[in-house]
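Peer 1: This is the structure I want to talk about, given as structure tokens.
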Amino acid sequence: MLQKTSHYMRQANLIGGEWVQADSGATIDVINPATGLKMGTVPKGGRAETRRAIEAAAEAFKSWRKTSALERSKLLHKLADALLDNQDSLAELLTMEQGKSLTESKGEIGSSAAYVRWFAEEGRRTYGDVVPSPWADRRILVNREPVGVIAAITPWNFPSSMLARKIGPALAAGCTTVVKPASQTPYSGLAWGALCEEVGIPKGVVNIVTGSAGEIGDEICENPIVRKVTFTGSTEVGKILLQKAAATVKKVSMELGGNAPFLVFDDADLDRAVAGAIAAKYRNSGQTCVCTNRFYVQAGIHDKFVEKLAEATNSLKVGSGLEDGTQQGPLIDGKAVEKVEEFVADAVSKGGKVIAGGKRHALGGTFFEPTVISGATNDMRFTQEEIFGPVAPIYRFEKEEDAVALANDTVYGLACYFYTGDLGRAFRVMEGLKYGLVGVNEGVITTPEAPFGGMKESGLGREGGHQGIDDYLDTKYVCIGGLGL
Ligand code: ADP
């Protein structure tokens, strides 16, 4: 089974162009969540390994920053090509360590390539300004230059594409990188090292360290060489990193948690809303930060929506991601399953009605049934907490303004969705929702061309779009005087 993927499954860290083990020789086991079996190990690195990676990135920065934007663009296009040339084997590796269906994994590798290609082009357009000067004999230039060494910390739910959104703009801007993938899914992260080597990205430009999150995170945050930290993960860890990065005033980008509402109004196209709901809820088994957490459905369409959503949910095929036709794979680990069980038990104890799924799947392990709960109320835990699993709670509402107020009643502000056939309502509701990403009659909206990111406690900064490279660049104002004009 691993025959095809073995070339990219690196059980070592990449520091300064060398594939190395941890100083102590310690390793972390990597488990396939569909089988519970060990796939292999990765080094358990810590502060010393991270420091060396940062120093290697600083050394590489000296020459990488001097390459032309066109040269970097060409290398990034090659990297995108390499991702696509190896899409099947990279997708298989991703499914084996993460659990999502092969179809979703192929989509993720495709998305990684698309982000890299986008930034290959955006890197050529990081324009500065020539500003009209208030002085006759001076000229004003505004240049944009790479911030230097950046560090990226990424989660297990999109182990490839979350790195594409960080490595892509960093390299395009002329920065060098130290990357820490999540311990549950390190191979898709380490594969970036192998791919970068293959296409000729110089040694030390991309360094990858796996291991103790706390130690690696501390070195990244405290080391003054690192000028920017980009993180995707929980709001809880994001807050810790923000505090630690403050000591050396680093730039920060934070893609944190969400609590996405999905509003269905009486005038919505019911079938379209149900299809959007399935995609926005059960993608990656509900384990994405933009997955719907709360469905608010207007009274007139409520019962029909509940019935159709339950029907569509019951027909989802659960199984190993490697099997043909699988739509929902296992959850990432045992803890995730326990958390989902707790949410369901809490809702049921407060009057919620399970109308689809509701328990561990007959397949055992970390498989969980896609679940719908009707009669959701505000005192249930998932009203405020991120579920990160395949559970769809449905709340009934009467008035548009109530739905918008309930949707906004959360510390999060990442993604939201709503379905309506009324253009005036579409604008009213869109303008009323305090969210960084809004899907109107669409359940999946992420694309490299558009800025992805949250408001409130969902984060800082944007990834993708022309905005996605901004945080990797410093602005330098240059005043040229004494021109004798
Ligand atoms: P998730 O719930 O998606 O795993 P986390 O925020 O716990 O989100 O983890 C996201 C990434 O942050 C992972 O790579 C994880 O190892 C890392 N991480 C967790 N705790 C810390 C920490 N204290 N400092 C730095 N990185 C951390």
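Chains: A, B, ... in order of the structure tokens. Residues: from 1 per chain. Ligands: from 1, in order shown.
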Which neighbours of Gly453 in chain A fall inside 8 Å, counting only C-alpha atoms, when residues of the same chain fewer than 5 positions from it are skipped, and could you give them as an MDAnalysis selection string?

Peer 2: chainID A and resid 255 414 436:437 458:463

Peer 1: Hey, can you spit out that residue selection with N, CA and C atoms as a compact mmCIF listing (two decimals), in the first residue's frame?

Peer 2:
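Result file follows (again.txt):
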```txt
# COMPACT_ATOMS: atom_id res chain seq x y z
N GLU A 255 -5.07 32.12 11.78
CA GLU A 255 -6.32 31.56 11.27
C GLU A 255 -6.84 30.64 12.36
N LEU A 414 -15.49 33.62 11.65
CA LEU A 414 -14.78 33.13 10.46
C LEU A 414 -15.76 33.00 9.28
N GLY A 436 -15.77 37.00 8.38
CA GLY A 436 -14.78 37.27 7.34
C GLY A 436 -15.12 36.61 6.01
N LEU A 437 -15.90 35.53 6.05
CA LEU A 437 -16.26 34.78 4.84
C LEU A 437 -17.77 34.55 4.84
N SER A 458 -11.63 34.82 15.64
CA SER A 458 -11.27 33.86 14.60
C SER A 458 -9.95 34.20 13.92
N GLY A 459 -9.38 35.37 14.25
CA GLY A 459 -8.03 35.56 13.74
C GLY A 459 -7.66 36.94 13.25
N LEU A 460 -6.46 36.98 12.69
CA LEU A 460 -5.84 38.21 12.19
C LEU A 460 -5.20 37.90 10.85
N GLY A 461 -5.38 38.78 9.88
CA GLY A 461 -4.71 38.60 8.59
C GLY A 461 -5.57 37.79 7.63
N ARG A 462 -5.13 37.73 6.39
CA ARG A 462 -5.86 37.02 5.35
C ARG A 462 -4.90 36.15 4.55
N GLU A 463 -5.38 34.98 4.14
CA GLU A 463 -4.59 34.09 3.28
C GLU A 463 -5.30 33.96 1.95
```

Peer 1: Collect all residues with atoms no farther than 8 Å from ligand 1, counting only C-alpha atoms and all ligand atoms, and output them as a PyMOL selection string.

Peer 2: chain A and resi 153-157+180-183+211-218+231-238+240-241+256

Peer 1: Keeping C-alpha atoms for every residue in the selection just given, could you write it to a file as a compact mmCIF listing (two decimals), in the first residue's frame?

Peer 2:
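Wrote selection-v5.txt, looks like this:
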```
# COMPACT_ATOMS: atom_id res chain seq x y z
CA ILE A 153 2.60 26.21 12.49
CA THR A 154 -0.18 24.15 10.91
CA PRO A 155 -3.00 21.82 12.04
CA TRP A 156 -3.93 18.26 11.09
CA ASN A 157 -7.22 18.90 9.25
CA LYS A 180 6.07 22.84 12.02
CA PRO A 181 3.34 20.44 10.83
CA ALA A 182 0.88 18.89 13.30
CA SER A 183 2.14 15.73 14.98
CA GLY A 211 8.02 17.30 17.52
CA SER A 212 7.06 18.93 20.77
CA ALA A 213 4.56 21.71 19.96
CA GLY A 214 5.36 23.66 23.11
CA GLU A 215 9.14 23.60 22.65
CA ILE A 216 9.09 24.32 18.93
CA GLY A 217 6.49 27.04 19.46
CA ASP A 218 8.53 28.67 22.22
CA PHE A 231 -0.48 29.93 12.57
CA THR A 232 -3.57 27.93 11.72
CA GLY A 233 -5.20 26.12 14.62
CA SER A 234 -7.30 26.66 17.71
CA THR A 235 -8.10 30.08 19.17
CA GLU A 236 -6.73 28.81 22.47
CA VAL A 237 -3.23 28.11 21.06
CA GLY A 238 -3.42 31.22 18.86
CA ILE A 240 -0.71 31.76 23.55
CA LEU A 241 1.34 32.38 20.41
CA LEU A 256 -8.20 30.38 14.34
```

Peer 1: Near range 10-25 of chain A, counting only C-alpha atoms, which residues have an atom at most 10 Å away, once you skip same-chain residues fewer than 6 positions from it, shown as JSON, numbers by chain?

Peer 2: {"A": [40, 41, 42, 43, 44, 45, 46, 48, 49, 50, 51, 52, 53, 54, 55, 56, 57, 58, 59, 60, 178, 179, 180, 186, 187, 188, 189, 190, 191, 192, 193, 194, 197, 201, 202, 203, 204, 205, 206, 207, 208, 209, 210, 211]}

Peer 1: Would you mind exporting C-alpha atoms of the selected residues as a PDB file, in the first residue's frame?

Peer 2:
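Output below, filename selection-v4.pdb:
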```
ATOM      1  CA  GLY A  40       5.700   5.087  10.852  1.00  0.00           C
ATOM      2  CA  THR A  41       7.472   7.658  12.990  1.00  0.00           C
ATOM      3  CA  VAL A  42       8.797  11.208  12.759  1.00  0.00           C
ATOM      4  CA  PRO A  43      11.506  12.877  14.839  1.00  0.00           C
ATOM      5  CA  LYS A  44      10.498  14.424  18.141  1.00  0.00           C
ATOM      6  CA  GLY A  45      12.424  17.654  17.741  1.00  0.00           C
ATOM      7  CA  GLY A  46      12.544  20.471  20.279  1.00  0.00           C
ATOM      8  CA  ALA A  48      17.717  22.990  19.649  1.00  0.00           C
ATOM      9  CA  GLU A  49      16.535  21.530  16.341  1.00  0.00           C
ATOM     10  CA  THR A  50      14.194  24.489  15.812  1.00  0.00           C
ATOM     11  CA  ARG A  51      16.993  26.970  16.542  1.00  0.00           C
ATOM     12  CA  ARG A  52      19.183  25.287  13.917  1.00  0.00           C
ATOM     13  CA  ALA A  53      16.319  25.394  11.436  1.00  0.00           C
ATOM     14  CA  ILE A  54      15.853  29.120  12.089  1.00  0.00           C
ATOM     15  CA  GLU A  55      19.583  29.732  11.652  1.00  0.00           C
ATOM     16  CA  ALA A  56      19.594  27.740   8.402  1.00  0.00           C
ATOM     17  CA  ALA A  57      16.652  29.831   7.168  1.00  0.00           C
ATOM     18  CA  ALA A  58      18.503  33.028   8.097  1.00  0.00           C
ATOM     19  CA  GLU A  59      21.578  31.885   6.160  1.00  0.00           C
ATOM     20  CA  ALA A  60      19.477  30.953   3.119  1.00  0.00           C
ATOM     21  CA  VAL A 178      10.651  27.158   9.293  1.00  0.00           C
ATOM     22  CA  VAL A 179       7.599  24.952   9.272  1.00  0.00           C
ATOM     23  CA  LYS A 180       6.066  22.844  12.017  1.00  0.00           C
ATOM     24  CA  PRO A 186       3.359  15.233   9.665  1.00  0.00           C
ATOM     25  CA  TYR A 187       3.966  13.358   6.407  1.00  0.00           C
ATOM     26  CA  SER A 188       1.991  15.713   4.175  1.00  0.00           C
ATOM     27  CA  GLY A 189       4.025  18.537   5.692  1.00  0.00           C
ATOM     28  CA  LEU A 190       7.369  16.782   5.277  1.00  0.00           C
ATOM     29  CA  ALA A 191       6.406  15.989   1.669  1.00  0.00           C
ATOM     30  CA  TRP A 192       6.695  19.729   0.978  1.00  0.00           C
ATOM     31  CA  GLY A 193      10.386  19.424   1.811  1.00  0.00           C
ATOM     32  CA  ALA A 194      10.875  16.587  -0.656  1.00  0.00           C
ATOM     33  CA  GLU A 197      14.171  19.797  -3.095  1.00  0.00           C
ATOM     34  CA  ILE A 201      14.396  25.385  -4.287  1.00  0.00           C
ATOM     35  CA  PRO A 202      17.733  26.085  -2.552  1.00  0.00           C
ATOM     36  CA  LYS A 203      18.756  24.424   0.713  1.00  0.00           C
ATOM     37  CA  GLY A 204      17.567  26.182   3.842  1.00  0.00           C
ATOM     38  CA  VAL A 205      14.722  28.085   2.152  1.00  0.00           C
ATOM     39  CA  VAL A 206      12.202  25.582   3.520  1.00  0.00           C
ATOM     40  CA  ASN A 207      13.023  23.840   6.813  1.00  0.00           C
ATOM     41  CA  ILE A 208      10.620  21.433   8.485  1.00  0.00           C
ATOM     42  CA  VAL A 209      10.693  20.415  12.136  1.00  0.00           C
ATOM     43  CA  THR A 210       8.307  17.944  13.799  1.00  0.00           C
ATOM     44  CA  GLY A 211       8.021  17.296  17.516  1.00  0.00           C
TER      45      GLY A 211
END
```

Peer 1: Applying 10 Å and only C-alpha atoms, which residues near Lys359 in chain A remain after dropping the ones on its own chain fewer than 2 positions away? List them as a PyMOL selection string.

Peer 2: chain A and resi 337+340-341+344-345+354+356-357+361-362+367-371

Peer 1: Interatomic distance between CA of Ala336 in chain A and CA of Val404 in chain A?

Peer 2: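 Result for CA of Ala336 in chain A versus CA of Val404 in chain A: 29.6 Å, one decimal.
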
Peer 1: Nearest residue to Thr35 in chain A out of A:Thr288, A:Asn259, A:Thr95, A:Ser253, using only C-alpha atoms?

Peer 2: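 Closest residue, counting only C-alpha atoms: A:Thr95.
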
Peer 1: Find the residues near Pro390 in chain A: any atom within 12 Å, counting only C-alpha atoms, skip ones fewer than 2 places away on the same chain, and give them as a CSV table (one decimal) with N, CA, C and O atoms, in the first residue's frame.

Peer 2:
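Okay, this is what ended up in out_12.csv:
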```csv
chain,number,residue,atom,x,y,z
A,277,ALA,N,-25.8,22.5,2.7
A,277,ALA,CA,-25.7,22.1,4.1
A,277,ALA,C,-24.8,20.8,4.2
A,277,ALA,O,-23.9,20.8,5.1
A,278,ILE,N,-25.0,19.9,3.4
A,278,ILE,CA,-24.2,18.6,3.4
A,278,ILE,C,-22.8,18.9,3.2
A,278,ILE,O,-21.9,18.5,4.0
A,279,ALA,N,-22.5,19.8,2.2
A,279,ALA,CA,-21.1,20.1,1.9
A,279,ALA,C,-20.5,20.9,3.0
A,279,ALA,O,-19.3,20.7,3.4
A,280,ALA,N,-21.2,21.9,3.6
A,280,ALA,CA,-20.7,22.8,4.6
A,280,ALA,C,-20.6,22.1,5.9
A,280,ALA,O,-19.9,22.6,6.8
A,281,LYS,N,-21.3,21.0,6.1
A,281,LYS,CA,-21.2,20.3,7.4
A,281,LYS,C,-20.3,19.2,7.5
A,281,LYS,O,-19.5,19.0,8.3
A,282,TYR,N,-20.4,18.3,6.5
A,282,TYR,CA,-19.8,17.0,6.6
A,282,TYR,C,-18.4,16.8,5.9
A,282,TYR,O,-17.8,15.8,6.0
A,283,ARG,N,-18.0,17.9,5.2
A,283,ARG,CA,-16.7,17.8,4.5
A,283,ARG,C,-15.7,17.5,5.6
A,283,ARG,O,-15.7,18.1,6.7
A,284,ASN,N,-14.7,16.7,5.3
A,284,ASN,CA,-13.7,16.3,6.2
A,284,ASN,C,-14.3,15.9,7.6
A,284,ASN,O,-13.7,16.2,8.6
A,285,SER,N,-15.4,15.2,7.5
A,285,SER,CA,-16.1,14.7,8.7
A,285,SER,C,-16.4,15.8,9.7
A,285,SER,O,-16.5,15.6,10.9
A,286,GLY,N,-16.7,17.0,9.2
A,286,GLY,CA,-17.0,18.1,10.0
A,286,GLY,C,-15.8,18.8,10.7
A,286,GLY,O,-15.9,19.6,11.6
A,287,GLN,N,-14.6,18.4,10.3
A,287,GLN,CA,-13.4,18.8,11.0
A,287,GLN,C,-12.7,19.9,10.2
A,287,GLN,O,-11.5,19.8,9.9
A,288,THR,N,-13.4,21.0,9.9
A,288,THR,CA,-12.8,22.2,9.3
A,288,THR,C,-13.3,23.4,10.1
A,288,THR,O,-14.3,23.4,10.7
A,291,CYS,N,-16.6,24.6,8.8
A,291,CYS,CA,-17.7,23.8,8.8
A,291,CYS,C,-18.9,24.4,9.6
A,291,CYS,O,-18.6,25.0,10.6
A,292,THR,N,-20.1,24.2,9.1
A,292,THR,CA,-21.3,24.7,9.9
A,292,THR,C,-21.3,24.1,11.3
A,292,THR,O,-21.2,22.9,11.4
A,293,ASN,N,-21.5,25.0,12.2
A,293,ASN,CA,-21.6,24.6,13.6
A,293,ASN,C,-23.1,24.7,14.1
A,293,ASN,O,-23.5,23.9,14.9
A,294,ARG,N,-23.9,25.6,13.5
A,294,ARG,CA,-25.3,25.9,13.9
A,294,ARG,C,-26.1,26.1,12.6
A,294,ARG,O,-25.8,27.0,11.8
A,313,THR,N,-28.3,13.1,5.0
A,313,THR,CA,-27.3,12.7,6.0
A,313,THR,C,-27.2,11.2,6.1
A,313,THR,O,-26.1,10.6,6.1
A,314,ASN,N,-28.4,10.6,6.2
A,314,ASN,CA,-28.4,9.1,6.3
A,314,ASN,C,-27.8,8.4,5.1
A,314,ASN,O,-27.4,7.2,5.2
A,316,LEU,N,-25.1,9.3,3.5
A,316,LEU,CA,-23.7,9.5,3.3
A,316,LEU,C,-23.0,8.2,3.6
A,316,LEU,O,-23.3,7.5,4.6
A,318,VAL,N,-20.1,6.1,5.0
A,318,VAL,CA,-19.0,6.2,5.9
A,318,VAL,C,-18.0,5.1,5.7
A,318,VAL,O,-18.5,3.9,5.5
A,327,GLN,N,-17.7,8.9,1.6
A,327,GLN,CA,-18.0,10.3,1.7
A,327,GLN,C,-17.5,10.9,3.1
A,327,GLN,O,-17.3,12.0,3.2
A,328,GLN,N,-17.5,10.0,4.1
A,328,GLN,CA,-17.1,10.5,5.4
A,328,GLN,C,-16.1,9.4,6.0
A,328,GLN,O,-16.5,8.3,6.1
A,329,GLY,N,-14.9,9.9,6.3
A,329,GLY,CA,-13.9,9.0,6.9
A,329,GLY,C,-14.0,9.0,8.4
A,329,GLY,O,-15.0,9.5,9.0
A,330,PRO,N,-13.0,8.5,9.1
A,330,PRO,CA,-13.0,8.5,10.5
A,330,PRO,C,-12.7,9.9,11.1
A,330,PRO,O,-12.2,10.7,10.3
A,331,LEU,N,-12.9,10.1,12.4
A,331,LEU,CA,-12.4,11.3,13.0
A,331,LEU,C,-10.9,11.1,13.3
A,331,LEU,O,-10.4,10.0,13.3
A,332,ILE,N,-10.2,12.2,13.6
A,332,ILE,CA,-8.8,12.2,13.7
A,332,ILE,C,-8.3,11.2,14.8
A,332,ILE,O,-7.3,10.5,14.7
A,336,ALA,N,-11.3,13.2,19.8
A,336,ALA,CA,-12.3,13.9,18.9
A,336,ALA,C,-13.7,13.2,19.0
A,336,ALA,O,-14.7,13.8,19.1
A,337,VAL,N,-13.6,11.8,19.0
A,337,VAL,CA,-14.9,11.1,19.1
A,337,VAL,C,-15.6,11.4,20.5
A,337,VAL,O,-16.8,11.6,20.6
A,339,LYS,N,-15.4,13.9,22.3
A,339,LYS,CA,-15.9,15.3,22.4
A,339,LYS,C,-17.2,15.4,21.6
A,339,LYS,O,-18.2,16.0,22.1
A,340,VAL,N,-17.3,14.7,20.5
A,340,VAL,CA,-18.6,14.7,19.7
A,340,VAL,C,-19.7,14.0,20.5
A,340,VAL,O,-20.8,14.5,20.6
A,341,GLU,N,-19.3,12.9,21.2
A,341,GLU,CA,-20.3,12.2,22.0
A,341,GLU,C,-20.8,13.1,23.1
A,341,GLU,O,-22.0,13.1,23.5
A,343,PHE,N,-21.0,16.4,23.1
A,343,PHE,CA,-22.0,17.4,22.5
A,343,PHE,C,-23.4,16.8,22.3
A,343,PHE,O,-24.4,17.4,22.6
A,344,VAL,N,-23.4,15.5,21.8
A,344,VAL,CA,-24.7,14.9,21.5
A,344,VAL,C,-25.4,14.6,22.9
A,344,VAL,O,-26.6,15.0,23.0
A,356,ALA,N,-30.9,11.8,13.0
A,356,ALA,CA,-30.0,11.0,12.1
A,356,ALA,C,-28.8,10.7,12.9
A,356,ALA,O,-28.3,11.6,13.7
A,357,GLY,N,-28.3,9.5,12.8
A,357,GLY,CA,-27.0,9.1,13.5
A,357,GLY,C,-27.1,9.3,15.0
A,357,GLY,O,-28.1,8.8,15.6
A,358,GLY,N,-26.0,9.9,15.6
A,358,GLY,CA,-26.1,10.1,17.0
A,358,GLY,C,-25.1,9.3,17.8
A,358,GLY,O,-24.9,9.6,19.0
A,359,LYS,N,-24.4,8.3,17.2
A,359,LYS,CA,-23.5,7.5,18.0
A,359,LYS,C,-22.3,7.0,17.2
A,359,LYS,O,-22.2,7.3,16.0
A,360,ARG,N,-21.4,6.3,17.9
A,360,ARG,CA,-20.2,5.8,17.2
A,360,ARG,C,-20.7,4.9,16.1
A,360,ARG,O,-21.7,4.2,16.2
A,361,HIS,N,-20.0,4.8,15.0
A,361,HIS,CA,-20.4,4.0,13.8
A,361,HIS,C,-20.1,2.6,14.1
A,361,HIS,O,-19.1,2.2,14.8
A,366,THR,N,-12.5,5.2,15.2
A,366,THR,CA,-12.9,6.6,15.4
A,366,THR,C,-13.9,7.0,14.4
A,366,THR,O,-14.1,8.2,14.1
A,367,PHE,N,-14.7,6.0,13.9
A,367,PHE,CA,-15.8,6.4,13.0
A,367,PHE,C,-17.0,6.8,13.8
A,367,PHE,O,-17.3,6.2,14.8
A,368,PHE,N,-17.7,7.9,13.3
A,368,PHE,CA,-18.9,8.4,14.0
A,368,PHE,C,-20.0,8.6,12.9
A,368,PHE,O,-19.7,9.0,11.8
A,369,GLU,N,-21.2,8.3,13.3
A,369,GLU,CA,-22.3,8.5,12.4
A,369,GLU,C,-22.6,9.9,12.1
A,369,GLU,O,-22.6,10.8,13.0
A,370,PRO,N,-22.8,10.3,10.8
A,370,PRO,CA,-23.2,11.7,10.5
A,370,PRO,C,-24.5,11.9,11.2
A,370,PRO,O,-25.4,11.1,11.1
A,371,THR,N,-24.6,13.0,11.9
A,371,THR,CA,-25.7,13.2,12.9
A,371,THR,C,-26.4,14.5,12.7
A,371,THR,O,-25.8,15.5,12.4
A,372,VAL,N,-27.8,14.4,12.8
A,372,VAL,CA,-28.6,15.7,12.8
A,372,VAL,C,-29.4,15.7,14.1
A,372,VAL,O,-30.0,14.7,14.6
A,373,ILE,N,-29.4,16.9,14.8
A,373,ILE,CA,-30.2,17.1,16.0
A,373,ILE,C,-31.1,18.3,15.8
A,373,ILE,O,-30.7,19.4,15.5
A,386,GLU,N,-17.0,25.1,19.4
A,386,GLU,CA,-16.8,24.5,18.1
A,386,GLU,C,-16.9,23.0,18.2
A,386,GLU,O,-16.2,22.3,19.0
A,387,ILE,N,-17.8,22.4,17.3
A,387,ILE,CA,-18.0,20.9,17.4
A,387,ILE,C,-16.8,20.1,16.8
A,387,ILE,O,-16.3,19.2,17.3
A,388,PHE,N,-16.4,20.6,15.6
A,388,PHE,CA,-15.3,19.9,14.9
A,388,PHE,C,-15.6,18.4,14.7
A,388,PHE,O,-14.7,17.6,14.9
A,392,ALA,N,-24.9,18.0,13.2
A,392,ALA,CA,-25.6,19.2,12.6
A,392,ALA,C,-26.8,19.6,13.6
A,392,ALA,O,-27.8,19.0,13.5
A,393,PRO,N,-26.6,20.6,14.4
A,393,PRO,CA,-27.7,21.0,15.3
A,393,PRO,C,-28.6,22.0,14.5
A,393,PRO,O,-28.1,22.9,13.9
```

Peer 1: Mind the document's chain letters and residue numbers, and return as a count of residues only the residues of range 208-360 of chain A that DSSP labels strand (DSSP E or B).

Peer 2: 33

Peer 1: Would you mind listing what lies within 10 Å of Glu398 in chain A as a list in words, with only C-alpha atoms counted and same-chain residues fewer than 3 positions away left out?

Peer 2: Phe265, Asp266, Tyr296, Val297, Gln298, Ala299, Gly300, His302, Glu401, Asp402 and Ala403 of chain A

Peer 1: Could you save the residues just selected, with N, CA, C and O atoms, as a CSV table (one decimal), in the first residue's frame?

Peer 2:
```csv
chain,number,residue,atom,x,y,z
A,265,PHE,N,-33.6,30.7,5.0
A,265,PHE,CA,-34.9,31.5,5.0
A,265,PHE,C,-36.0,30.8,4.3
A,265,PHE,O,-35.7,30.0,3.4
A,266,ASP,N,-37.2,31.2,4.6
A,266,ASP,CA,-38.4,30.6,4.0
A,266,ASP,C,-38.4,30.6,2.5
A,266,ASP,O,-38.9,29.7,1.8
A,296,TYR,N,-29.6,27.6,11.5
A,296,TYR,CA,-30.8,28.4,11.9
A,296,TYR,C,-31.8,28.3,10.7
A,296,TYR,O,-31.5,28.8,9.6
A,297,VAL,N,-33.0,27.7,11.0
A,297,VAL,CA,-33.9,27.5,9.8
A,297,VAL,C,-35.3,28.2,10.2
A,297,VAL,O,-35.8,28.0,11.3
A,298,GLN,N,-35.8,29.0,9.2
A,298,GLN,CA,-37.0,29.8,9.4
A,298,GLN,C,-38.2,28.8,9.5
A,298,GLN,O,-38.2,27.8,8.9
A,299,ALA,N,-39.2,29.2,10.3
A,299,ALA,CA,-40.3,28.3,10.7
A,299,ALA,C,-41.0,27.7,9.5
A,299,ALA,O,-41.3,26.5,9.5
A,300,GLY,N,-41.2,28.5,8.4
A,300,GLY,CA,-42.0,28.1,7.3
A,300,GLY,C,-41.4,26.9,6.5
A,300,GLY,O,-42.1,26.2,5.9
A,302,HIS,N,-38.8,25.0,8.0
A,302,HIS,CA,-38.1,24.2,9.0
A,302,HIS,C,-38.3,22.7,8.8
A,302,HIS,O,-37.3,22.0,8.7
A,401,GLU,N,-34.2,39.4,11.6
A,401,GLU,CA,-33.3,40.1,12.5
A,401,GLU,C,-32.9,39.2,13.7
A,401,GLU,O,-31.7,39.3,14.2
A,402,ASP,N,-33.8,38.3,14.2
A,402,ASP,CA,-33.4,37.4,15.3
A,402,ASP,C,-32.3,36.5,14.8
A,402,ASP,O,-31.4,36.2,15.5
A,403,ALA,N,-32.5,36.0,13.6
A,403,ALA,CA,-31.5,35.0,13.1
A,403,ALA,C,-30.1,35.6,13.0
A,403,ALA,O,-29.1,35.0,13.3
```

Peer 1: Would you give me, as a PyMOL selection string, the residues in range 95-141 of chain A that DSSP reads as helix (DSSP H, G or I)?

Peer 2: chain A and resi 95-98+102-125

Peer 1: Which of these, A:Lys239, A:Leu322, A:Thr447, A:Arg272, has the shortest distance to Ser111 in chain A once you count only C-alpha atoms?

Peer 2: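 Distance minimum relative to Ser111 in chain A lands on A:Thr447.
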
Peer 1: Please determine, counting only C-alpha atoms, which residue among A:Leu79, A:Ile469, A:Val290, A:Leu94 has the shortest atom-to-atom distance to Asn32 in chain A.

Peer 2: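 Looking only at the distances to Asn32 in chain A, the closest residue turns out to be A:Leu94.
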
Peer 1: Which one of A:Lys434, A:Arg47, A:Arg138, A:Arg117 sits closest to Ala82 in chain A if you count only C-alpha atoms?

Peer 2: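 When distances to Ala82 in chain A are compared using only C-alpha atoms, the smallest one comes from A:Arg117.
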
Peer 1: Nearest residue to Tyr115 in chain A out of A:Ala450, A:Ala268, A:Val131, A:Leu242, using only C-alpha atoms?

Peer 2: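 Closest residue, counting only C-alpha atoms: A:Ala450.
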